[in-house]
>>> print(open('my_file-v6.cif').read())   # mmCIF, C-alpha atoms
data_final
loop_
_atom_site.label_atom_id
_atom_site.label_comp_id
_atom_site.auth_asym_id
_atom_site.auth_seq_id
_atom_site.Cartn_x
_atom_site.Cartn_y
_atom_site.Cartn_z
CA MET T 1 4.83 0.49 -12.62
CA LEU T 2 8.06 2.04 -11.36
CA LYS T 3 7.97 0.09 -8.11
CA GLY T 4 11.53 -1.24 -8.42
CA ALA T 5 13.01 2.16 -9.27
CA ILE T 6 11.11 3.87 -6.45
CA SER T 7 12.22 1.26 -3.92
CA LYS T 8 15.88 1.82 -4.83
CA ALA T 9 15.40 5.59 -4.98
CA ASN T 10 13.90 5.49 -1.50
CA HIS T 11 17.11 3.90 -0.18
CA ILE T 12 19.13 6.63 -1.93
CA MET T 13 16.96 9.32 -0.36
CA ASN T 14 17.25 7.81 3.13
CA ASP T 15 21.00 7.52 2.71
CA SER T 16 21.21 11.19 1.69
CA ARG T 17 19.44 12.11 4.94
CA GLN T 18 22.18 10.34 6.85
CA HIS T 19 25.23 11.64 4.98
CA LEU T 20 24.47 14.87 3.10
CA SER T 21 23.77 18.42 4.18
CA ILE T 22 20.14 19.31 4.89
CA GLN T 23 19.86 21.37 1.71
CA ALA T 24 21.41 18.66 -0.46
CA ALA T 25 19.20 15.95 1.04
CA ASP T 26 16.15 18.15 0.41
CA ALA T 27 17.11 18.41 -3.25
CA VAL T 28 17.40 14.62 -3.53
CA GLU T 29 14.02 14.25 -1.85
CA GLN T 30 12.35 16.64 -4.28
CA VAL T 31 13.54 14.50 -7.19
CA TYR T 32 12.32 11.35 -5.41
CA ILE T 33 8.87 12.92 -5.01
CA SER T 34 8.84 13.83 -8.70
CA ILE T 35 9.46 10.20 -9.62
CA GLU T 36 6.66 9.12 -7.26
CA ASN T 37 4.32 11.55 -9.04
CA LEU T 38 5.43 10.16 -12.40
CA ASN T 39 4.65 6.66 -11.17
CA ASP T 40 1.17 7.80 -10.11
CA PHE T 41 0.62 9.20 -13.61
CA ILE T 42 1.62 5.90 -15.26
CA ASN T 43 -0.55 3.82 -12.93
CA LYS T 44 -3.60 5.99 -13.58
CA GLU T 45 -3.04 5.82 -17.34
CA MET T 46 -2.65 2.04 -17.29
CA ASP T 47 -5.77 1.67 -15.16
CA ARG T 48 -7.74 3.88 -17.54
CA ILE T 49 -6.55 1.88 -20.56
CA GLU T 50 -7.36 -1.49 -19.01
CA LYS T 51 -10.88 -0.36 -18.08
CA ASP T 52 -11.71 1.01 -21.54
CA PRO T 53 -14.07 -1.57 -23.10
CA LYS T 54 -13.80 -0.03 -26.55
CA LEU T 55 -10.14 -0.95 -27.00
CA SER T 56 -9.09 -4.15 -28.74
CA TYR T 57 -6.06 -6.08 -27.50
CA ARG T 58 -3.84 -4.43 -30.12
CA GLU T 59 -5.22 -0.95 -29.39
CA ARG T 60 -4.78 -1.49 -25.67
CA SER T 61 -1.14 -2.52 -26.18
CA ALA T 62 -0.51 0.52 -28.39
CA ALA T 63 -2.13 2.76 -25.77
CA ARG T 64 0.09 1.32 -23.04
CA ARG T 65 3.20 1.96 -25.14
CA ALA T 66 2.03 5.52 -25.81
CA ALA T 67 1.52 6.09 -22.08
CA ILE T 68 5.01 4.80 -21.30
CA GLU T 69 6.52 7.01 -24.01
CA HIS T 70 4.55 9.98 -22.63
CA ALA T 71 6.01 9.21 -19.21
CA GLY T 72 9.46 9.18 -20.78
CA ARG T 73 8.89 12.69 -22.11
CA LYS T 74 7.69 13.79 -18.69
CA LEU T 75 10.89 12.38 -17.19
CA GLU T 76 12.98 14.47 -19.58
CA VAL T 77 11.05 17.57 -18.53
CA LEU T 78 11.71 16.71 -14.87
CA LYS T 79 15.42 16.46 -15.61
CA ASP T 80 15.40 19.87 -17.29
CA ARG T 81 13.39 21.49 -14.50
CA SER T 82 15.49 20.05 -11.69
CA ASN T 83 18.45 22.29 -12.62
CA TYR T 84 20.52 20.41 -10.08
CA SER T 85 23.79 21.22 -11.85
CA ASP T 86 22.99 24.94 -11.69
CA LEU T 87 22.38 24.76 -7.96
CA ILE T 88 25.93 23.80 -7.03
CA GLN T 89 27.30 26.50 -4.77
CA GLU T 90 29.51 28.97 -6.61
CA PRO T 91 33.10 29.42 -5.35
CA ASP T 92 32.56 33.09 -4.46
CA THR T 93 29.49 32.34 -2.32
CA ARG T 94 30.07 32.42 1.42
CA ILE T 95 30.65 28.89 2.68
CA PRO T 96 29.52 28.40 6.28
CA ASP T 97 32.23 27.46 8.73
CA ALA T 98 32.44 23.69 9.24
CA HIS T 99 31.70 24.07 12.95
CA GLU T 100 28.71 26.28 12.17
CA LYS T 101 27.28 23.64 9.85
CA ASP T 102 28.00 20.83 12.31
CA ASP T 103 26.39 22.73 15.20
CA HIS T 104 23.29 23.46 13.16
CA ALA T 105 22.97 19.84 11.99
CA LEU T 106 23.50 18.52 15.53
CA LEU T 107 20.91 20.88 17.00
CA LYS T 108 18.40 19.93 14.33
CA PHE T 109 19.04 16.22 14.91
CA MET T 110 18.62 16.57 18.68
CA ARG T 111 15.36 18.50 18.37
CA GLU T 112 13.93 15.98 15.91
CA ARG T 113 15.03 13.03 18.06
CA GLU T 114 13.38 14.62 21.11
CA ILE T 115 10.13 14.90 19.18
CA ARG T 116 10.35 11.27 18.05
CA ASP T 117 11.02 10.20 21.65
CA ARG T 118 7.89 12.05 22.78
CA LEU T 119 5.83 10.35 20.06
CA PHE T 120 7.21 6.92 20.91
CA GLY T 121 4.41 4.52 21.79
CA MET T 122 1.72 6.54 20.00
CA THR T 123 -0.19 4.86 17.19
CA GLU T 124 -0.51 6.45 13.78
CA ALA T 125 -4.17 7.24 14.54
CA GLN T 126 -3.18 9.03 17.74
CA ILE T 127 -0.47 11.07 16.01
CA LEU T 128 -2.87 12.13 13.27
CA SER T 129 -5.61 12.87 15.78
CA HIS T 130 -3.35 15.22 17.76
CA PHE T 131 -1.23 16.76 14.99
CA GLY T 132 -2.79 15.82 11.64
CA GLU T 133 -4.21 19.24 10.83
CA SER T 134 -0.96 21.15 11.39
CA LEU T 135 1.05 18.43 9.64
CA PHE T 136 -0.95 18.32 6.45
CA ASP T 137 -1.38 22.06 6.06
CA GLY T 138 2.40 22.53 6.36
CA ARG T 139 2.37 24.63 9.55
CA ASN T 140 4.26 22.18 11.76
CA GLN T 141 7.54 21.91 9.84
CA LEU T 142 9.57 20.74 12.84
CA LEU T 143 7.25 17.80 13.50
CA LEU T 144 7.04 17.09 9.77
CA ASN T 145 10.84 16.87 9.51
CA ALA T 146 11.07 14.73 12.64
CA ILE T 147 8.64 12.21 11.18
CA LEU T 148 10.19 12.21 7.70
CA ASN T 149 13.73 11.85 9.08
CA ALA T 150 12.94 8.87 11.31
CA PRO T 151 15.55 6.12 10.78
CA PRO T 152 14.60 3.33 8.34
CA GLY T 153 12.56 0.70 10.14
CA PHE T 154 11.21 3.18 12.69
CA GLU T 155 8.69 4.99 10.50
CA MET T 156 5.83 6.53 12.49
CA LEU T 157 3.27 6.79 9.71
CA SER T 158 2.17 4.63 6.81
CA GLU T 159 3.93 5.02 3.46
CA GLN T 160 0.81 6.64 2.03
CA ASN T 161 0.88 9.42 4.63
CA LEU T 162 4.66 9.77 4.41
CA ARG T 163 4.30 10.39 0.68
CA LYS T 164 1.77 13.14 1.38
CA LEU T 165 4.16 14.76 3.84
CA ARG T 166 7.04 14.60 1.35
CA ARG T 167 4.91 16.46 -1.19
CA ILE T 168 3.97 19.07 1.40
CA LYS T 169 7.63 19.57 2.27
CA ALA T 170 8.63 19.84 -1.39
CA LYS T 171 6.01 22.56 -1.93
CA SER T 172 7.23 24.49 1.10
CA LEU T 173 10.81 24.37 -0.22
CA ILE T 174 9.73 25.70 -3.60
CA LYS T 175 7.74 28.55 -2.00
CA ARG T 176 10.53 29.56 0.39
CA PRO T 177 11.61 33.14 -0.52
CA GLY T 178 15.08 33.27 -2.02
CA ALA T 179 15.64 29.56 -1.47
CA THR T 180 18.88 28.46 -3.11
CA PRO T 181 19.78 24.98 -1.90
CA GLU T 182 23.42 24.17 -1.40
CA ILE T 183 23.86 20.96 -3.36
CA ASP T 184 27.15 19.09 -3.31
CA ARG T 185 28.50 16.72 -5.92
CA THR T 186 27.38 13.69 -3.95
CA ALA T 187 23.80 14.98 -4.14
CA ASN T 188 24.17 15.43 -7.89
CA ALA T 189 25.32 11.82 -8.18
CA SER T 190 22.31 10.66 -6.13
CA ILE T 191 19.91 12.69 -8.26
CA LEU T 192 21.43 11.36 -11.47
CA GLU T 193 21.14 7.81 -10.14
CA ILE T 194 17.44 8.27 -9.34
CA PHE T 195 16.76 9.62 -12.82
CA SER T 196 18.77 6.74 -14.31
CA LEU T 197 16.76 4.17 -12.33
CA ALA T 198 13.48 5.66 -13.57
CA GLN T 199 14.72 5.78 -17.17
CA LYS T 200 15.86 2.14 -17.10
CA GLU T 201 12.50 1.06 -15.68
CA LEU T 202 10.63 2.96 -18.41
CA ASP T 203 12.86 1.42 -21.08
CA ARG T 204 12.19 -2.04 -19.66
CA LEU T 205 8.43 -1.47 -19.61
CA ARG T 206 8.44 -0.25 -23.21
CA LYS T 207 10.48 -3.24 -24.41
CA ASN T 208 8.17 -5.63 -22.57
CA GLU T 209 5.15 -4.02 -24.18
CA LEU T 210 6.74 -4.28 -27.63
CA ALA T 211 7.53 -7.95 -27.03
CA LEU T 212 3.95 -8.66 -25.96
CA SER T 213 2.49 -6.95 -29.01
CA ARG T 214 4.73 -9.00 -31.34
CA THR T 215 3.72 -12.32 -29.79
CA LYS T 216 0.05 -11.51 -30.47
CA THR T 217 0.50 -10.51 -34.13
#
>>> encode(input="my_file-v6.cif", output="structure tokens")
Amino acid sequence: MLKGAISKANHIMNDSRQHLSIQAADAVEQVYISIENLNDFINKEMDRIEKDPKLSYRERSAARRAAIEHAGRKLEVLKDRSNYSDLIQEPDTRIPDAHEKDDHALLKFMREREIRDRLFGMTEAQILSHFGESLFDGRNQLLLNAILNAPPGFEMLSEQNLRKLRRIKAKSLIKRPGATPEIDRTANASILEIFSLAQKELDRLRKNELALSRTKT
């Protein structure tokens, strides 16, 4: 149901991987995953409503509107829980030297690229056969990052498996002891844009449902 918003949000997330710090890009990705989960919730609700033989056309339309409104409330909760504004680095916090940050980012990029080079030519089935267990239980974070950070158009796994890996990564970030992501203002703008895209899509769905119910009355 939120296919358009998710497609645009995916571009925002990929762009953040190219231009933002690792911590900031991780924060954007967590929000993207939250919107994916919200979309899964809506799709399941709509499927349940459509398959309910007891509902009349009018009741089914009302149920769809209620599901969309419920999703809207969930989106507001996601906004509150994201706390992205509170995660901006305080002025008195130690700011890593620019060279230190650049060296770390370059080293990470080189290690991930080396992994992707070694996987080049392998099919998805072969990758999962060799590394699937350590990937999906979260143990192989370096390989996970290398796969998730592959340039657009060079994805190594299907979108379904990439979504699973994004969720695994998001859980690992939440569980990390003392994790306090450094989020810059550009990341905040990206996060706000993703939330805005989801909200607009929900508003459009609700208006469409209202219009459909009126034409049948």
>>> resolve_selection(input="my_file-v6.cif", expression="the PyMOL selection byres ((chain T and resi 71) around 9)", output="PyMOL selection string")
chain T and resi 38-39+41-42+66-70+72-76+202
>>> resolve_selection(input="my_file-v6.cif", expression="the PyMOL selection byres ((chain T and resi 153-158) around 9)", output="list in words")
Arg116, Leu119, Phe120, Met122, Thr123, Glu124, Ala125, Ile127, Leu128, Ile147, Leu148, Asn149, Ala150, Pro151, Pro152, Glu159, Gln160, Asn161, Leu162 and Arg163 of chain T
>>> residues_around(input="my_file-v6.cif", residues="region 136-138 of chain T", least_positions_apart="2", cutoff="8 Å", atoms="only C-alpha atoms", output="PyMOL selection string")
chain T and resi 132-134+140-141+144+164-165+168-169+172
>>> write_last_selection(input="my_file-v6.cif", atoms="C-alpha atoms", output="short mmCIF file (atom, residue, chain, number, x, y, z; two decimals), in the coordinates of the input")
data_model
loop_
_atom_site.label_atom_id
_atom_site.label_comp_id
_atom_site.auth_asym_id
_atom_site.auth_seq_id
_atom_site.Cartn_x
_atom_site.Cartn_y
_atom_site.Cartn_z
CA GLY T 132 -2.79 15.82 11.64
CA GLU T 133 -4.21 19.24 10.83
CA SER T 134 -0.96 21.15 11.39
CA ASN T 140 4.26 22.18 11.76
CA GLN T 141 7.54 21.91 9.84
CA LEU T 144 7.04 17.09 9.77
CA LYS T 164 1.77 13.14 1.38
CA LEU T 165 4.16 14.76 3.84
CA ILE T 168 3.97 19.07 1.40
CA LYS T 169 7.63 19.57 2.27
CA SER T 172 7.23 24.49 1.10
#
>>> closest_residue(input="my_file-v6.cif", among="T:Ala27, T:Ile35, T:Leu192, T:Leu55", to="Gly4 (chain T)", atoms="all atoms listed in the file")
T:Ile35
>>> atom_distance(input="my_file-v6.cif", atom1="CA of Ala198 (chain T)", atom2="CA of Ala5 (chain T)")
5.6 Å
>>> atom_distance(input="my_file-v6.cif", atom1="CA of Gln199 (chain T)", atom2="CA of Ser34 (chain T)")
13.1 Å
>>> closest_residue(input="my_file-v6.cif", among="T:Arg64, T:Arg166, T:Arg118, T:Arg81", to="Lys44 (chain T)", atoms="all atoms listed in the file")
T:Arg64
>>> resolve_selection(input="my_file-v6.cif", expression="the PyMOL selection byres ((chain T and resi 30) around 10)", output="VMD selection string")
chain T and resid 13 25 to 29 31 to 36 82 166 to 167 169 to 171 173 to 174 191
>>> atom_distance(input="my_file-v6.cif", atom1="CA of Asn14 (chain T)", atom2="CA of Gly121 (chain T)")
22.9 Å
>>> closest_residue(input="my_file-v6.cif", among="T:Lys79, T:Arg48, T:Arg139, T:Arg58", to="Leu210 (chain T)", atoms="all atoms listed in the file")
T:Arg58
>>> closest_residue(input="my_file-v6.cif", among="T:Met1, T:Ala9, T:Ala62, T:Ile22", to="Ser196 (chain T)", atoms="only C-alpha atoms")
T:Ala9
>>> axis_aligned_box(input="my_file-v6.cif", around="region 24-28 of chain T", padding_each_side="5 Å", output="lines of an AutoDock Vina configuration file")
center_x = 18.8
center_y = 16.6
center_z = -1.2
size_x = 15.3
size_y = 14.0
size_z = 14.6
>>> decode(input="my_file-v6.cif", residues="region 113-128 of chain T", atoms="all heavy atoms", output="tab-separated table (two decimals), in the first residue's frame")
chain	number	residue	atom	x	y	z
T	113	ARG	N	34.28	-3.40	0.00
T	113	ARG	CA	34.46	-3.59	-1.45
T	113	ARG	C	35.23	-4.88	-1.73
T	113	ARG	O	34.92	-5.61	-2.69
T	113	ARG	CB	35.18	-2.40	-2.07
T	113	ARG	CG	35.24	-2.48	-3.60
T	113	ARG	CD	35.82	-1.24	-4.20
T	113	ARG	NE	37.22	-1.07	-3.84
T	113	ARG	CZ	37.98	-0.06	-4.27
T	113	ARG	NH1	37.47	0.86	-5.07
T	113	ARG	NH2	39.25	0.03	-3.92
T	114	GLU	N	36.22	-5.18	-0.88
T	114	GLU	CA	36.99	-6.41	-1.05
T	114	GLU	C	36.07	-7.63	-0.91
T	114	GLU	O	36.18	-8.60	-1.67
T	114	GLU	CB	38.11	-6.49	-0.02
T	114	GLU	CG	38.97	-7.74	-0.15
T	114	GLU	CD	40.06	-7.82	0.89
T	114	GLU	OE1	40.20	-6.86	1.69
T	114	GLU	OE2	40.78	-8.83	0.91
T	115	ILE	N	35.18	-7.57	0.05
T	115	ILE	CA	34.23	-8.67	0.24
T	115	ILE	C	33.32	-8.81	-0.97
T	115	ILE	O	33.10	-9.92	-1.48
T	115	ILE	CB	33.38	-8.43	1.51
T	115	ILE	CG1	34.26	-8.58	2.75
T	115	ILE	CG2	32.21	-9.41	1.58
T	115	ILE	CD1	33.58	-8.21	4.04
T	116	ARG	N	32.81	-7.68	-1.47
T	116	ARG	CA	31.94	-7.74	-2.65
T	116	ARG	C	32.69	-8.29	-3.87
T	116	ARG	O	32.12	-9.04	-4.67
T	116	ARG	CB	31.36	-6.36	-2.95
T	116	ARG	CG	30.30	-5.92	-1.94
T	116	ARG	CD	29.53	-4.71	-2.42
T	116	ARG	NE	30.35	-3.51	-2.45
T	116	ARG	CZ	30.44	-2.65	-1.44
T	116	ARG	NH1	29.78	-2.87	-0.31
T	116	ARG	NH2	31.20	-1.58	-1.54
T	117	ASP	N	33.97	-7.92	-3.99
T	117	ASP	CA	34.78	-8.44	-5.10
T	117	ASP	C	34.92	-9.96	-5.01
T	117	ASP	O	34.88	-10.66	-6.02
T	117	ASP	CB	36.16	-7.79	-5.11
T	117	ASP	CG	36.12	-6.33	-5.56
T	117	ASP	OD1	35.10	-5.92	-6.15
T	117	ASP	OD2	37.10	-5.61	-5.30
T	118	ARG	N	35.08	-10.46	-3.78
T	118	ARG	CA	35.23	-11.90	-3.59
T	118	ARG	C	33.93	-12.65	-3.88
T	118	ARG	O	33.96	-13.83	-4.26
T	118	ARG	CB	35.70	-12.20	-2.16
T	118	ARG	CG	37.15	-11.78	-1.88
T	118	ARG	CD	37.52	-12.03	-0.43
T	118	ARG	NE	38.91	-11.68	-0.18
T	118	ARG	CZ	39.95	-12.50	-0.33
T	118	ARG	NH1	39.74	-13.74	-0.75
T	118	ARG	NH2	41.17	-12.10	-0.06
T	119	LEU	N	32.81	-11.97	-3.66
T	119	LEU	CA	31.51	-12.59	-3.90
T	119	LEU	C	31.06	-12.46	-5.35
T	119	LEU	O	30.08	-13.08	-5.76
T	119	LEU	CB	30.44	-11.96	-2.99
T	119	LEU	CG	30.61	-12.16	-1.49
T	119	LEU	CD1	29.49	-11.43	-0.74
T	119	LEU	CD2	30.59	-13.64	-1.13
T	120	PHE	N	31.78	-11.63	-6.11
T	120	PHE	CA	31.39	-11.38	-7.49
T	120	PHE	C	31.33	-12.70	-8.29
T	120	PHE	O	32.25	-13.51	-8.24
T	120	PHE	CB	32.38	-10.44	-8.17
T	120	PHE	CG	32.02	-10.11	-9.60
T	120	PHE	CD1	31.00	-9.22	-9.88
T	120	PHE	CD2	32.69	-10.72	-10.65
T	120	PHE	CE1	30.66	-8.93	-11.20
T	120	PHE	CE2	32.37	-10.44	-11.96
T	120	PHE	CZ	31.36	-9.53	-12.24
T	121	GLY	N	30.25	-12.88	-8.99
T	121	GLY	CA	30.09	-14.10	-9.79
T	121	GLY	C	29.32	-15.19	-9.09
T	121	GLY	O	28.89	-16.16	-9.72
T	122	MET	N	29.13	-15.05	-7.76
T	122	MET	CA	28.35	-16.03	-7.01
T	122	MET	C	26.87	-15.72	-7.15
T	122	MET	O	26.46	-14.56	-7.16
T	122	MET	CB	28.75	-16.05	-5.53
T	122	MET	CG	30.16	-16.54	-5.28
T	122	MET	SD	30.60	-16.53	-3.50
T	122	MET	CE	29.48	-17.78	-2.86
T	123	THR	N	26.06	-16.75	-7.24
T	123	THR	CA	24.61	-16.55	-7.28
T	123	THR	C	24.09	-16.32	-5.86
T	123	THR	O	24.81	-16.58	-4.87
T	123	THR	CB	23.91	-17.78	-7.87
T	123	THR	OG1	24.11	-18.90	-6.98
T	123	THR	CG2	24.46	-18.11	-9.25
T	124	GLU	N	22.87	-15.85	-5.77
T	124	GLU	CA	22.27	-15.66	-4.45
T	124	GLU	C	22.22	-16.98	-3.68
T	124	GLU	O	22.51	-17.01	-2.48
T	124	GLU	CB	20.86	-15.07	-4.58
T	124	GLU	CG	20.17	-14.87	-3.24
T	124	GLU	CD	18.84	-14.16	-3.37
T	124	GLU	OE1	18.18	-14.31	-4.42
T	124	GLU	OE2	18.46	-13.44	-2.43
T	125	ALA	N	21.87	-18.05	-4.37
T	125	ALA	CA	21.79	-19.37	-3.71
T	125	ALA	C	23.14	-19.78	-3.15
T	125	ALA	O	23.23	-20.35	-2.05
T	125	ALA	CB	21.29	-20.41	-4.72
T	126	GLN	N	24.21	-19.49	-3.89
T	126	GLN	CA	25.55	-19.85	-3.42
T	126	GLN	C	25.96	-19.02	-2.21
T	126	GLN	O	26.55	-19.54	-1.26
T	126	GLN	CB	26.56	-19.66	-4.56
T	126	GLN	CG	26.44	-20.69	-5.66
T	126	GLN	CD	27.33	-20.37	-6.86
T	126	GLN	OE1	27.57	-19.19	-7.18
T	126	GLN	NE2	27.82	-21.40	-7.54
T	127	ILE	N	25.64	-17.72	-2.25
T	127	ILE	CA	25.96	-16.85	-1.10
T	127	ILE	C	25.23	-17.33	0.15
T	127	ILE	O	25.82	-17.44	1.24
T	127	ILE	CB	25.59	-15.39	-1.42
T	127	ILE	CG1	26.48	-14.84	-2.53
T	127	ILE	CG2	25.71	-14.52	-0.16
T	127	ILE	CD1	26.09	-13.46	-3.02
T	128	LEU	N	23.96	-17.64	0.00
T	128	LEU	CA	23.17	-18.07	1.15
T	128	LEU	C	23.61	-19.45	1.63
T	128	LEU	O	23.59	-19.73	2.83
T	128	LEU	CB	21.68	-18.10	0.78
T	128	LEU	CG	21.06	-16.73	0.46
T	128	LEU	CD1	19.59	-16.89	0.10
T	128	LEU	CD2	21.22	-15.77	1.63
